[in-house]
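In what follows, a structure is listed as structure tokens, so that the remarks can point back to it.
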Amino acid sequence: MRDQAEILFTDEQAQLMDIAEAFSASKSPIDAVRQQIEAEGAIEADLWREMAALGWLGIAIPEEYGGSGLGLGEVVSIVEPMGRNLFASPLVSTTLAAQAILLAGDAAQKSHWLPLLAGGTVAALALTEAHGDWDLANLTCTAEGKGDAIVLSGGKTFVTDAAMADVLLVTMALDGAPALVLLETASLPAGAMRREVVIDETRRSYAVDLSGIVVPMANLLPQDRALGCLKSLHLTACLLYAAEMCGGTAGVINVTLEYLLTRRQFDHFIGAYQALKHPMVDALVGLEQARSHLYHAATIFDAADTAGGEAAVRMAKAQAADAFAFASDRAIQFHGAFGFTYECDAQLYRRRALWCEQQHGDGAHHRKHLAGLLLD
Amino acid sequence: MSASQQELDEFQAEAAAWFSENKPADPGFLLPQSFMEVGTDQQFEFLRRWQRKVYEAGYLGMAWPGEYGGGGREQAFQDIATAEMVRQKVPFMTNTIGLSWAGPLILNMGTDAQKAAYIKRILSAEDIWCQGFSEPDNGSDLGNAQLRAVRDGEAYVLNGSKIWTSLGAYADFIILLARTDTQTNTKYEGLSYFLAPMKIAGVDPAPIKKLTGEHGFTQTFFNDARIADSCLIGEEGGGWQVAMKTLTFERAVSGGQAGGVHSMAVSAWEVVEMARHAMRDGKPAIEDPIIRDQLVAFLIEERGLALNNKRGEIPGLISERPASIAMSRKLTNSEWRRRLNQFAVTLQGANASRYVGDADAIDGGRWQRGYFNAFSSTIGGGTSQIQKNIVGERVLGLPKSE
């Protein structure tokens, strides 16, 4: 762990990053973000198809299943610029579902689902429950075997983009142990989904009532791999959230800088005042370290599922969460009275930062787990 | 033609063996952790001998030109030797100002005569160099230097004083920023830069006692000190540009340094070890949840700073603000080091109150002294507050502060 100060950044990553930055900036300028908040539905179907056509949904899916056969490092390279532009889409949930199937699915599940997910089928994650615990194995949702099907009970929450999803990756306890199942949303009765009011208004989040839902046994991922899969899913989510937060931090720093360079008070551009300038440097320094952790984590988490990879990912999530929280909090303050208004963009980033921080563990939570990994 | 991997590997093995065999034994007194902390003759002589030995074995100035005493080899060899010094935790090269700032500056813009006179003796530590930038009335504002240099025939006559001169009591030469003209449009245009001798009449380094209780540096008084006009480097009136050039070496924004280890690394992992022995409520401190959180935060930061160095070399990952990591490095690393030392002191419980010289001080009191000395880097070379202005203005593009 101590000597692995390595970061690899491939030409593919650089190209993907450039394309994703240009794409996100053109598809998700700030007024489009605000229009999207007002709109009822999620991302437009055309836009999603365009992302599928760019190959982004299959980046980390092997070629034999219709993907590009690249790794999560390449996914990181596109999620970061998306975060910077507050672009919201089910790309991360679809990628995470594919990774779970790749890791824990059987041959038939992989060959059925992975090409679909690479091609534009939308997946949402139904992992979190009402208790709000970040431990994905703390499950009150249960399933019971009934012939060649299972019957679910309980509910899930924070299922982002559930309404546009074709399939949900659902966790529950089956025979007292964690299990994952692929639930096709077509089989859900009307009223099973309830839109949640969440702090990040760019997200479409739903509570899903699973009571009495019947799923074919064929959609159950082999249960012996479920626990390992949950851990991997959690860490992969942390990695991609870290990418989104690094992007968001860079974005909100630029929004604030623009104001500090145009707003004048007491005969000076306010950016000349050290009381504002110095914390902006703190924000920058936080961002730089967060990005270094991110691309290191992307490098070694890709290579192997090791304790080193876990530590790197947890560090990346913790650092990015703290950096984004600080930069977006100061963004509101440094816009002065304007920062207190809904019209000021600072709140969009602050809300995004809070969402990302509070999904899959905040900084203190990851430091606690790092303590176990590093100190004991 | 660049060296093959096999050559580099062989050299690595050779260097590893040499440092392993020649690493000095514990001298029996607490060594300083950088050139800025050298406080006694005993420490100085020990470190000077060690640098000379490393140079004579061929592990210093390896990429400097052979005609002036350097190794004339590729930088890759020096980087390997330096990494080996860090890895084996050997004492640092005490002539830091010569090796890392004055030397590269002289090689970059000095005359042949200056190169011939100084370079080899910097490497061998026969000549110790110090820096004369700061003055009593202008700490971080170098452009306001007031020490006067008045031309008199083929000489300049120096009057005034410099302060915070690390190694001032030992130095043979000083890189000196002085005012040759008081009538210029801007304060910067009146400055000139000299490679000046220290051991001459009229130069009087007076030791200053630091907050640690040691003599770490001097206030250096110049009273009608006469130096030859050949001491000038760059043009008369061009001193500011030379000083800025020097800062690029000092802050490692420019390469060309002689190499070698220049300060003893501190790691949060050492503090983790300390936490296994410190006690809280009858149990090892490392079991205390709050201390665990603090330790991990330091480990994350240490790793982030190390990873910044790696990422800083990848153009595709620094494209938005290419200078950001390099320009904020002094700020981030010095502040981290100060806070880590401070935390290590507080971790010791009641024993935190002991100091260097007490027989029961933990690690000889080096964390207490280290915390105090850490301020040399958060203050010296431009305080952290000035660094934030610099980063804010040059990296983030914010307007100058009044």
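Chain identifiers are assigned as A, B, and so on, following the order in which chains appear in the structure tokens; residues are numbered from 1 within each chain, and ligands are numbered from 1 in order of appearance.
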- Which chain B residues are at most 7 Å from chain A (counting only C-alpha atoms), as a PyMOL selection string? chain B and resi 292-293+296+300+304-308+310-311+316+388-389+391-392+398-401
- Message: Report as a PyMOL selection string all protein, DNA and RNA residues lying within 10 Å of A:Glu12, evaluated on only C-alpha atoms, omitting residues in the same chain fewer than 4 positions from it.
- Response: chain A and resi 16-18+70+73-74+77
- Identify all residues of stretch 218-308 of chain A in strand (DSSP E) (DSSP on the backbone) and supply them as an NGL selection string. :A and (264-265 or 268-269)
Near B:Phe29, within 9 Å and counting only C-alpha atoms, which residues show up once chain neighbours fewer than 3 positions away are dropped, as a PDB file with N, CA and C atoms, in the first residue's frame?
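selection.pdb was written with the following content:
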```
ATOM      1  N   ASP B  26      24.634   6.196  13.895  1.00  0.00           N
ATOM      2  CA  ASP B  26      24.027   7.215  14.750  1.00  0.00           C
ATOM      3  C   ASP B  26      25.135   8.006  15.449  1.00  0.00           C
ATOM      4  N   GLN B  42      28.988  20.733  15.749  1.00  0.00           N
ATOM      5  CA  GLN B  42      29.032  19.276  15.709  1.00  0.00           C
ATOM      6  C   GLN B  42      28.131  18.741  14.586  1.00  0.00           C
ATOM      7  N   GLN B  43      26.903  19.242  14.538  1.00  0.00           N
ATOM      8  CA  GLN B  43      25.968  18.831  13.483  1.00  0.00           C
ATOM      9  C   GLN B  43      26.508  19.219  12.114  1.00  0.00           C
TER      10      GLN B  43
END
```
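Neighbours of stretch 221-231 of chain B closer than or equal to 6 Å, with only C-alpha atoms counted and sequence neighbours fewer than 5 positions away skipped, come out as B:Glu154, B:Ala155, B:Tyr156, B:Val157, B:Leu158, B:Asn159, B:Gly160, B:Ser161, B:Phe194, B:Leu195, B:Ala196, B:Gly202, B:Val203, B:Asp204.
The interatomic distance for the pair atom CA of B:Phe133 and atom CA of B:Tyr59 works out to 29.7 Å.
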- Message: If you run DSSP on the backbone here, which positions in stretch 71-166 of chain B get helix (DSSP H, G or I)? Please write them as number ranges by chain.
- Response: B: 75-87, 96-109, 112-123, 142-144
- Identify, on the basis of only C-alpha atoms, every residue whose closest approach to stretch 76-78 of chain B does not exceed 6 Å; exclude the query and any residue fewer than 3 positions from it along the same chain; express the result as a PyMOL selection string. chain B and resi 62+81-82
Could those residues be written to a file, using C-alpha atoms, as a PDB file, in the first residue's frame?
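Output below, filename result.pdb:
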```
ATOM      1  CA  MET B  62      25.644  13.308 -11.478  1.00  0.00           C
ATOM      2  CA  ALA B  81      20.708   7.801  -6.371  1.00  0.00           C
ATOM      3  CA  THR B  82      18.474  10.427  -4.739  1.00  0.00           C
TER       4      THR B  82
END
```
- Message: Quick one: residues within 9 Å of B:Gln146, only C-alpha atoms, excluding same-chain residues fewer than 6 positions away - as a ChimeraX atom specification?
- Response: /B:135,137-138,160-161,177-179,182,191
Could those selected residues go to a file with N, CA and C atoms, as a compact mmCIF listing (two decimals), in the first residue's frame?
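Wrote part-v9.txt, looks like this:
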```txt
# COMPACT_ATOMS: atom_id res chain seq x y z
N GLU B 135 15.15 40.70 4.36
CA GLU B 135 15.74 41.73 5.21
C GLU B 135 14.83 41.97 6.41
N ASP B 137 13.22 44.38 7.48
CA ASP B 137 11.99 45.14 7.29
C ASP B 137 11.14 44.66 6.13
N ASN B 138 11.60 43.60 5.43
CA ASN B 138 10.75 43.06 4.38
C ASN B 138 10.91 41.55 4.33
N GLY B 160 24.15 47.30 4.86
CA GLY B 160 22.78 46.91 5.22
C GLY B 160 22.82 45.55 5.91
N SER B 161 21.67 44.91 5.96
CA SER B 161 21.69 43.58 6.57
C SER B 161 20.64 42.66 5.96
N LEU B 177 20.70 39.57 -2.95
CA LEU B 177 19.90 40.54 -3.67
C LEU B 177 20.13 41.91 -3.04
N ALA B 178 20.63 42.86 -3.84
CA ALA B 178 20.99 44.17 -3.28
C ALA B 178 20.51 45.28 -4.20
N ARG B 179 20.36 46.48 -3.63
CA ARG B 179 19.86 47.62 -4.40
C ARG B 179 21.04 48.43 -4.94
N THR B 182 18.62 53.58 -6.50
CA THR B 182 17.43 53.95 -5.70
C THR B 182 16.49 54.86 -6.47
N LEU B 191 17.35 46.55 -8.50
CA LEU B 191 17.99 45.43 -7.80
C LEU B 191 19.03 44.74 -8.66
```
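Distance-wise, atom CA of B:Asn95 and atom CA of B:Phe35 end up 7.1 Å apart.
The spacing separating atom CA of B:Ala17 from atom CA of B:Met93 amounts to 18.8 Å.
By only C-alpha atoms, and with residues fewer than 2 positions from A:Gly176 along its chain excluded, the set lying at most 12 Å from it is Ala137, Asn138, Leu139, Thr140, Cys141, Thr142, Ala143, Glu144, Met172, Ala173, Leu174, Pro178, Ala179, Gln223 and Leu227 of chain A.
Of the residues listed (B:Phe343, B:Tyr68, B:Tyr188, B:Trp101), B:Trp101 shows the shortest atom-to-atom separation from B:Ile174; distances use only C-alpha atoms.
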- Compare B:Gly364, B:Gly70, B:Pro91, B:Gly380 by their minimum atom-to-atom distance to B:Gln51, counting only C-alpha atoms, and give me the closest one. B:Pro91
